[in-house]
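Colleague: Structure incoming, see below.
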Amino acid sequence: MFKGKKILLGITGSIAAYKSAWLTRLLVKEGAEVKVVMTPSACDFITPLTLSVLSKNPVSVEGFDAKTGEWDNHVHLAAWADMFIIAPASANTIAKMAYGVCDNMFMTVYLSATCKKYVAPAMDAEMWNHSTAKKNIAALKQQGCIIIPPGKGELASGITGEGRMEEPATILEIIRKDFFFTLPLSGKKALVTAGPTRESIDPVRYISNRSSGKMGFAIAQALASQGAEVIMVMGPSSLNTPDAIKTVRVETAKQMSDACLKAFPHSDITIMAAAVADYAPEKYSSEKIKKNIADENLKLVKTQDILSEMGKRKKKNQFLVGFALETENETRNAKKKLREKNLDMIVLNSLNDAGAGFEHDTNKISIIDGKLKVKTFGLKSKTEAAEDIVREIINRFAKK
Ligand code: CTP
């Protein structure tokens, strides 16, 4: 489940910092991408080198290097993370987090991070039971942090009591249950298509289109980040896909159809963002076709409309989304496609909008739902447009 997840691990000054090495190891073994940020006093307990070797990434401690003027971008690190685990969280850092005291790299990252945060405190029993610690923990809960309470046992001071940081394997289990089962699409399966298809004429030529696969890929990522288990069926595209998204690579419309119709019965939400070729050569020539005989050899036949087929097979609880790429009468044509293909929603792109459609990193979309209500969005990055699409799906899927 942690496979492909981007996890930021914050380590603060506590003897329990040695357990963070094991936590890092467990996360990496699960397939997570781990980056570590440490407070300067955490480095008294465990070296950044240990964490860097285990996480396979550089460790951030200082905001900048005074000698070179080079600085570490905390906003970038915070934006990168899917979740932030702070383990161990010392009494001192918990107090800073509660009040927003921003005096080190760790704290700048903490205050910039909008992802889900897990805090595993570690301190002596008296400190843990102190009224200020209790108030600070309550403040963190109010900020949305999930607290993984310390366990009881022998503490570094020699006394026995509450304050030991929870064991790494238990921390992982608590996060697994919380993170993966409380997101809006947790436990749901999604199928997404992306990219063009390529219909070969002969060994050197093919029919295709300008789709890059970026929109479908962004949708697959947005669905996964909302907890869905995603299968992406992708036509020829140069994009590299992360491990968290199971990707089936196909070339032709027929292969895309076979892969999609196989996965469709198990899919709760299906989004057909691929630009599937409407026509393919009637037959493939294993020899290169000579130019003087091309006319007689290049007969085209219609491919199967995968989305229409899904519309026919759709069960009551399945949510089906199509795309419409139009150049004229955009809304009318998109509504027609929605009705004829039996969809729950259609995403319309107009090639007349600057920055929208194929080969751009941006898109301008309108969403039309089953009640033919149209919602138009501004020009955004494909990542943001994908988040809008997934948000609209979540709102309606819950009511189905
Ligand atoms: N689609 C599909 N199979 C095809 C063609 C299209 O599943 N053989 C899907 C696309 O993935 C998209 C939707 O149908 O979600 C609409 O595609 P689009 O090319 O806009 O429309 P068409 O139905 O092909 O109609 P036209 O090309 O005439 O506009």
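Within each chain, counting starts at residue 1; across the structure tokens, chains are named A, B, ... in the order shown, with ligands numbered 1 upward in that order.
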Give me, as a list of chain:residue names, the set of residues whose atoms come within 7 Å of any atom of ligand 1, counting only C-alpha atoms and all ligand atoms.

Modeller: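 The residues within 7 Å of ligand 1, counting only C-alpha atoms and all ligand atoms, are A:Ala253, A:Met272, A:Ala273, A:Ala274, A:Ala275, A:Val276, A:Ala277, A:Asp278, A:Thr303, A:Gln304, A:Asp305, A:Ile306, A:Leu307, A:Ser308, A:Gly322, A:Phe323, A:Ala324, A:Leu325, A:Glu326, A:Lys337.
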
Colleague: Could you turn the residues from that selection into a file that holds N, CA, C and O atoms, as an mmCIF file, in the first residue's frame?

Modeller:
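Result file is selection39.cif:
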```cif
data_model
loop_
_atom_site.group_PDB
_atom_site.id
_atom_site.type_symbol
_atom_site.label_atom_id
_atom_site.label_comp_id
_atom_site.auth_asym_id
_atom_site.auth_seq_id
_atom_site.Cartn_x
_atom_site.Cartn_y
_atom_site.Cartn_z
ATOM 1 N N ALA A 253 -6.205 0.282 -30.748
ATOM 2 C CA ALA A 253 -7.543 0.452 -30.170
ATOM 3 C C ALA A 253 -8.085 -0.910 -29.729
ATOM 4 O O ALA A 253 -8.742 -1.024 -28.686
ATOM 5 N N MET A 272 -12.499 7.515 -19.227
ATOM 6 C CA MET A 272 -11.895 7.226 -20.529
ATOM 7 C C MET A 272 -11.303 8.508 -21.119
ATOM 8 O O MET A 272 -11.958 9.246 -21.852
ATOM 9 N N ALA A 273 -10.044 8.750 -20.760
ATOM 10 C CA ALA A 273 -9.391 9.982 -21.214
ATOM 11 C C ALA A 273 -8.561 9.761 -22.476
ATOM 12 O O ALA A 273 -8.025 10.715 -23.035
ATOM 13 N N ALA A 274 -8.435 8.510 -22.903
ATOM 14 C CA ALA A 274 -7.589 8.226 -24.072
ATOM 15 C C ALA A 274 -8.229 8.759 -25.347
ATOM 16 O O ALA A 274 -9.448 8.844 -25.460
ATOM 17 N N ALA A 275 -7.370 9.122 -26.294
ATOM 18 C CA ALA A 275 -7.838 9.525 -27.623
ATOM 19 C C ALA A 275 -7.730 8.283 -28.508
ATOM 20 O O ALA A 275 -6.690 8.040 -29.131
ATOM 21 N N VAL A 276 -8.793 7.501 -28.492
ATOM 22 C CA VAL A 276 -8.777 6.218 -29.214
ATOM 23 C C VAL A 276 -9.006 6.492 -30.698
ATOM 24 O O VAL A 276 -9.880 7.296 -31.056
ATOM 25 N N ALA A 277 -8.220 5.823 -31.539
ATOM 26 C CA ALA A 277 -8.409 6.014 -32.989
ATOM 27 C C ALA A 277 -9.793 5.519 -33.376
ATOM 28 O O ALA A 277 -10.214 4.450 -32.929
ATOM 29 N N ASP A 278 -10.513 6.297 -34.165
ATOM 30 C CA ASP A 278 -11.852 5.877 -34.606
ATOM 31 C C ASP A 278 -11.776 4.909 -35.779
ATOM 32 O O ASP A 278 -12.717 4.172 -36.039
ATOM 33 N N THR A 303 -13.121 1.383 -35.628
ATOM 34 C CA THR A 303 -12.749 0.602 -34.437
ATOM 35 C C THR A 303 -13.983 0.515 -33.526
ATOM 36 O O THR A 303 -14.956 1.248 -33.726
ATOM 37 N N GLN A 304 -13.891 -0.329 -32.520
ATOM 38 C CA GLN A 304 -15.003 -0.417 -31.572
ATOM 39 C C GLN A 304 -14.998 0.830 -30.685
ATOM 40 O O GLN A 304 -13.924 1.273 -30.260
ATOM 41 N N ASP A 305 -16.153 1.400 -30.404
ATOM 42 C CA ASP A 305 -16.220 2.500 -29.442
ATOM 43 C C ASP A 305 -16.266 1.867 -28.044
ATOM 44 O O ASP A 305 -17.296 1.338 -27.611
ATOM 45 N N ILE A 306 -15.121 1.916 -27.375
ATOM 46 C CA ILE A 306 -14.990 1.214 -26.082
ATOM 47 C C ILE A 306 -15.954 1.810 -25.055
ATOM 48 O O ILE A 306 -16.623 1.102 -24.300
ATOM 49 N N LEU A 307 -16.010 3.131 -25.051
ATOM 50 C CA LEU A 307 -16.846 3.826 -24.067
ATOM 51 C C LEU A 307 -18.325 3.472 -24.247
ATOM 52 O O LEU A 307 -19.041 3.220 -23.265
ATOM 53 N N SER A 308 -18.781 3.425 -25.512
ATOM 54 C CA SER A 308 -20.182 3.053 -25.766
ATOM 55 C C SER A 308 -20.460 1.653 -25.262
ATOM 56 O O SER A 308 -21.508 1.384 -24.671
ATOM 57 N N GLY A 322 -16.699 9.973 -19.622
ATOM 58 C CA GLY A 322 -16.074 10.064 -20.940
ATOM 59 C C GLY A 322 -15.457 11.435 -21.141
ATOM 60 O O GLY A 322 -15.658 12.357 -20.339
ATOM 61 N N PHE A 323 -14.696 11.557 -22.205
ATOM 62 C CA PHE A 323 -14.138 12.843 -22.604
ATOM 63 C C PHE A 323 -14.741 13.216 -23.960
ATOM 64 O O PHE A 323 -15.089 12.330 -24.745
ATOM 65 N N ALA A 324 -14.834 14.478 -24.225
ATOM 66 C CA ALA A 324 -15.249 14.911 -25.557
ATOM 67 C C ALA A 324 -14.295 16.008 -25.987
ATOM 68 O O ALA A 324 -14.106 16.988 -25.272
ATOM 69 N N LEU A 325 -13.657 15.783 -27.119
ATOM 70 C CA LEU A 325 -12.760 16.809 -27.658
ATOM 71 C C LEU A 325 -13.456 17.385 -28.872
ATOM 72 O O LEU A 325 -13.714 16.667 -29.847
ATOM 73 N N GLU A 326 -13.821 18.651 -28.791
ATOM 74 C CA GLU A 326 -14.661 19.220 -29.842
ATOM 75 C C GLU A 326 -14.027 20.488 -30.415
ATOM 76 O O GLU A 326 -13.221 21.145 -29.748
ATOM 77 N N LYS A 337 -23.019 13.086 -26.691
ATOM 78 C CA LYS A 337 -22.169 11.918 -26.395
ATOM 79 C C LYS A 337 -22.523 11.333 -25.036
ATOM 80 O O LYS A 337 -22.552 10.114 -24.856
#
```

Colleague: List as a ChimeraX atom specification the protein and nucleic acid residues near A:Leu348, meaning an atom at most 12 Å away when only C-alpha atoms are counted, but skip any in the same chain fewer than 4 places from it.

Modeller: /A:273,321-338,352-353,356-357,363-369,374-377,385,389

Colleague: Kindly provide the residues of stretch 183-280 of chain A that approach stretch 112-128 of chain A to within 12 Å, each paired with its closest atom pair and their distance in Å to one decimal, based on only C-alpha atoms, listed by chain and increasing number, as JSON lines.

Modeller:
```
{"residue": "A:Leu183", "atom": "CA", "partner": "A:Lys116", "partner_atom": "CA", "distance": 10.8}
{"residue": "A:Ser225", "atom": "CA", "partner": "A:Cys115", "partner_atom": "CA", "distance": 10.7}
{"residue": "A:Gln226", "atom": "CA", "partner": "A:Cys115", "partner_atom": "CA", "distance": 11.9}
```

Colleague: Save the residues we just selected, N, CA, C and O atoms, as a JSON list (two decimals), in the first residue's frame?

Modeller:
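File written: part-v4.json
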```json
[["chain", "number", "residue", "atom", "x", "y", "z"],
["A", 183, "LEU", "N", -9.66, 7.75, 3.21],
["A", 183, "LEU", "CA", -9.75, 8.69, 2.09],
["A", 183, "LEU", "C", -11.07, 8.45, 1.34],
["A", 183, "LEU", "O", -11.63, 7.36, 1.40],
["A", 225, "SER", "N", -4.37, 9.41, -5.23],
["A", 225, "SER", "CA", -4.12, 10.21, -4.02],
["A", 225, "SER", "C", -5.39, 10.35, -3.18],
["A", 225, "SER", "O", -5.32, 10.73, -2.02],
["A", 226, "GLN", "N", -6.54, 10.01, -3.75],
["A", 226, "GLN", "CA", -7.78, 10.00, -2.95],
["A", 226, "GLN", "C", -8.09, 8.58, -2.47],
["A", 226, "GLN", "O", -9.20, 8.29, -2.03]]
```

Colleague: Among stretch 173-260 of chain A, which ones does DSSP assign to alpha helix (DSSP H) (computed from the backbone)? Answer as a list in words.

Modeller: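 DSSP-assigned alpha helix (DSSP H) residues in stretch 173-260 of chain A: Glu173, Ile174, Ile175, Arg176, Lys177, Asp178, Phe179, Phe180, Phe181, Lys214, Met215, Gly216, Phe217, Ala218, Ile219, Ala220, Gln221, Ala222, Leu223, Ala224, Ser225, Ala253, Lys254, Gln255, Met256, Ser257, Asp258, Ala259 and Cys260 of chain A.
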
Colleague: Go ahead and write the selection's residues with C-alpha atoms as a PDB file, in the first residue's frame.

Modeller:
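Generated file (result_14.pdb):
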```pdb
ATOM      1  CA  GLU A 173       0.133  -0.283  10.992  1.00  0.00           C
ATOM      2  CA  ILE A 174      -1.647   2.687  12.576  1.00  0.00           C
ATOM      3  CA  ILE A 175      -0.800   4.878   9.565  1.00  0.00           C
ATOM      4  CA  ARG A 176      -1.756   2.140   7.113  1.00  0.00           C
ATOM      5  CA  LYS A 177      -5.225   1.859   8.663  1.00  0.00           C
ATOM      6  CA  ASP A 178      -5.730   5.582   8.930  1.00  0.00           C
ATOM      7  CA  PHE A 179      -4.308   6.787   5.641  1.00  0.00           C
ATOM      8  CA  PHE A 180      -5.545   4.107   3.302  1.00  0.00           C
ATOM      9  CA  PHE A 181      -8.986   3.499   4.745  1.00  0.00           C
ATOM     10  CA  LYS A 214      -0.708  13.700 -19.667  1.00  0.00           C
ATOM     11  CA  MET A 215      -4.383  14.290 -18.822  1.00  0.00           C
ATOM     12  CA  GLY A 216      -5.191  10.601 -18.236  1.00  0.00           C
ATOM     13  CA  PHE A 217      -2.008  10.194 -16.214  1.00  0.00           C
ATOM     14  CA  ALA A 218      -2.866  13.216 -14.025  1.00  0.00           C
ATOM     15  CA  ILE A 219      -6.349  11.759 -13.442  1.00  0.00           C
ATOM     16  CA  ALA A 220      -4.871   8.380 -12.462  1.00  0.00           C
ATOM     17  CA  GLN A 221      -2.620  10.161  -9.953  1.00  0.00           C
ATOM     18  CA  ALA A 222      -5.478  12.256  -8.550  1.00  0.00           C
ATOM     19  CA  LEU A 223      -7.616   9.129  -8.080  1.00  0.00           C
ATOM     20  CA  ALA A 224      -4.748   7.292  -6.361  1.00  0.00           C
ATOM     21  CA  SER A 225      -4.122  10.210  -4.020  1.00  0.00           C
ATOM     22  CA  ALA A 253      -7.543   0.452 -30.170  1.00  0.00           C
ATOM     23  CA  LYS A 254      -8.282  -3.289 -30.182  1.00  0.00           C
ATOM     24  CA  GLN A 255      -5.691  -3.938 -27.449  1.00  0.00           C
ATOM     25  CA  MET A 256      -7.036  -1.001 -25.441  1.00  0.00           C
ATOM     26  CA  SER A 257     -10.558  -2.362 -25.815  1.00  0.00           C
ATOM     27  CA  ASP A 258      -9.519  -5.862 -24.676  1.00  0.00           C
ATOM     28  CA  ALA A 259      -7.648  -4.534 -21.622  1.00  0.00           C
ATOM     29  CA  CYS A 260     -10.459  -2.138 -20.670  1.00  0.00           C
TER      30      CYS A 260
END
```

Colleague: Compile the contact shell of stretch 236-252 of chain A as a compact mmCIF listing (two decimals) with N, CA and C atoms, in the first residue's frame: residues with an atom at most 7 Å away, counting only C-alpha atoms, same-chain residues fewer than 5 positions apart removed.

Modeller:
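Saved to out-v4.txt:
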```txt
# COMPACT_ATOMS: atom_id res chain seq x y z
N LYS A 3 3.52 1.53 -1.48
CA LYS A 3 4.29 1.54 -2.72
C LYS A 3 4.07 2.84 -3.51
N GLY A 4 5.16 3.52 -3.80
CA GLY A 4 5.08 4.75 -4.58
C GLY A 4 4.67 5.98 -3.79
N GLY A 195 -3.57 8.55 -23.25
CA GLY A 195 -2.72 8.53 -24.44
C GLY A 195 -3.48 8.25 -25.73
N PRO A 196 -2.71 8.16 -26.81
CA PRO A 196 -3.34 7.86 -28.11
C PRO A 196 -3.38 6.34 -28.32
N THR A 197 -3.92 5.90 -29.43
CA THR A 197 -3.64 4.53 -29.86
C THR A 197 -2.89 4.65 -31.18
N ARG A 198 -2.28 3.57 -31.58
CA ARG A 198 -1.47 3.59 -32.80
C ARG A 198 -1.91 2.40 -33.66
N GLU A 199 -2.35 2.70 -34.88
CA GLU A 199 -2.89 1.64 -35.75
C GLU A 199 -1.92 1.45 -36.91
N SER A 212 -0.82 13.17 -25.66
CA SER A 212 0.45 12.89 -24.96
C SER A 212 0.25 11.91 -23.81
N GLY A 213 -1.00 11.75 -23.35
CA GLY A 213 -1.28 10.89 -22.20
C GLY A 213 -1.25 11.64 -20.88
N VAL A 230 -5.84 2.07 -8.62
CA VAL A 230 -6.01 2.49 -10.02
C VAL A 230 -5.32 1.55 -11.00
N ILE A 231 -6.04 1.24 -12.08
CA ILE A 231 -5.41 0.58 -13.23
C ILE A 231 -5.47 1.59 -14.37
```

Colleague: Given the choices A:Lys5, A:Lys283, A:Lys19, A:Lys56, which gets closest to A:Gly31 if the distance is worked out from only C-alpha atoms?

Modeller: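 Comparing A:Lys5, A:Lys283, A:Lys19, A:Lys56 against A:Gly31, the winner is A:Lys5.
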
Colleague: Given the choices A:Ser350, A:Gly69, A:Ala91, A:Leu343, which gets closest to A:Lys371 if the distance is worked out from only C-alpha atoms?

Modeller: A:Leu343

Colleague: One decimal, in Å: what's the spacing between atom CA of A:Val34 and atom CA of A:Gly227?

Modeller: 19.0 Å

Colleague: Hey, what's within 12 Å of A:Trp71 if we count only C-alpha atoms and toss same-chain stuff fewer than 6 positions away? As a list in words, please?

Modeller: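 So, after excluding close chain neighbours, the residues are Ser60, Val61, Glu62, Gly63, Phe64, Asp65 and Met105 of chain A.
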
Colleague: If you run DSSP on the backbone, which residues of stretch 160-254 of chain A are strand (DSSP E), as number ranges by chain?

Modeller: A: 160-164, 189-194, 199-200, 206-207, 229-234, 246-249

Colleague: Which distance in Å separates atom CA of A:Gly151 and atom CA of A:Arg164, to one decimal?

Modeller: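 Separation of atom CA of A:Gly151 and atom CA of A:Arg164: 5.2 Å.
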
Colleague: Pick out the closest residue to A:Lys6 from this set: A:Ala194, A:Ala139, A:Ala78, A:Val390. Count only C-alpha atoms.

Modeller: A:Ala78

Colleague: One decimal, in Å: what's the spacing between atom CA of A:Thr170 and atom CA of A:Ser20?

Modeller: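 Between these atoms lies a distance of 12.5 Å.
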
Colleague: Using only C-alpha atoms, find the one residue out of A:Lys152, A:Lys29, A:Lys135, A:His76 that sits nearest to A:Ile94.

Modeller: A:Lys135

Colleague: Which residue out of A:Ala16, A:Ala21, A:Ile289, A:Val28 has the minimum interatomic distance to A:Leu51 when only C-alpha atoms are used?

Modeller: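 The answer is A:Ala21, which sits nearest to A:Leu51.
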
Colleague: Taking only C-alpha atoms into account, name the residue in A:Ser286, A:Pro184, A:Leu111, A:Ala81 that is nearest to A:Asn395.

Modeller: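 So, comparing all the options, the nearest one is A:Pro184.
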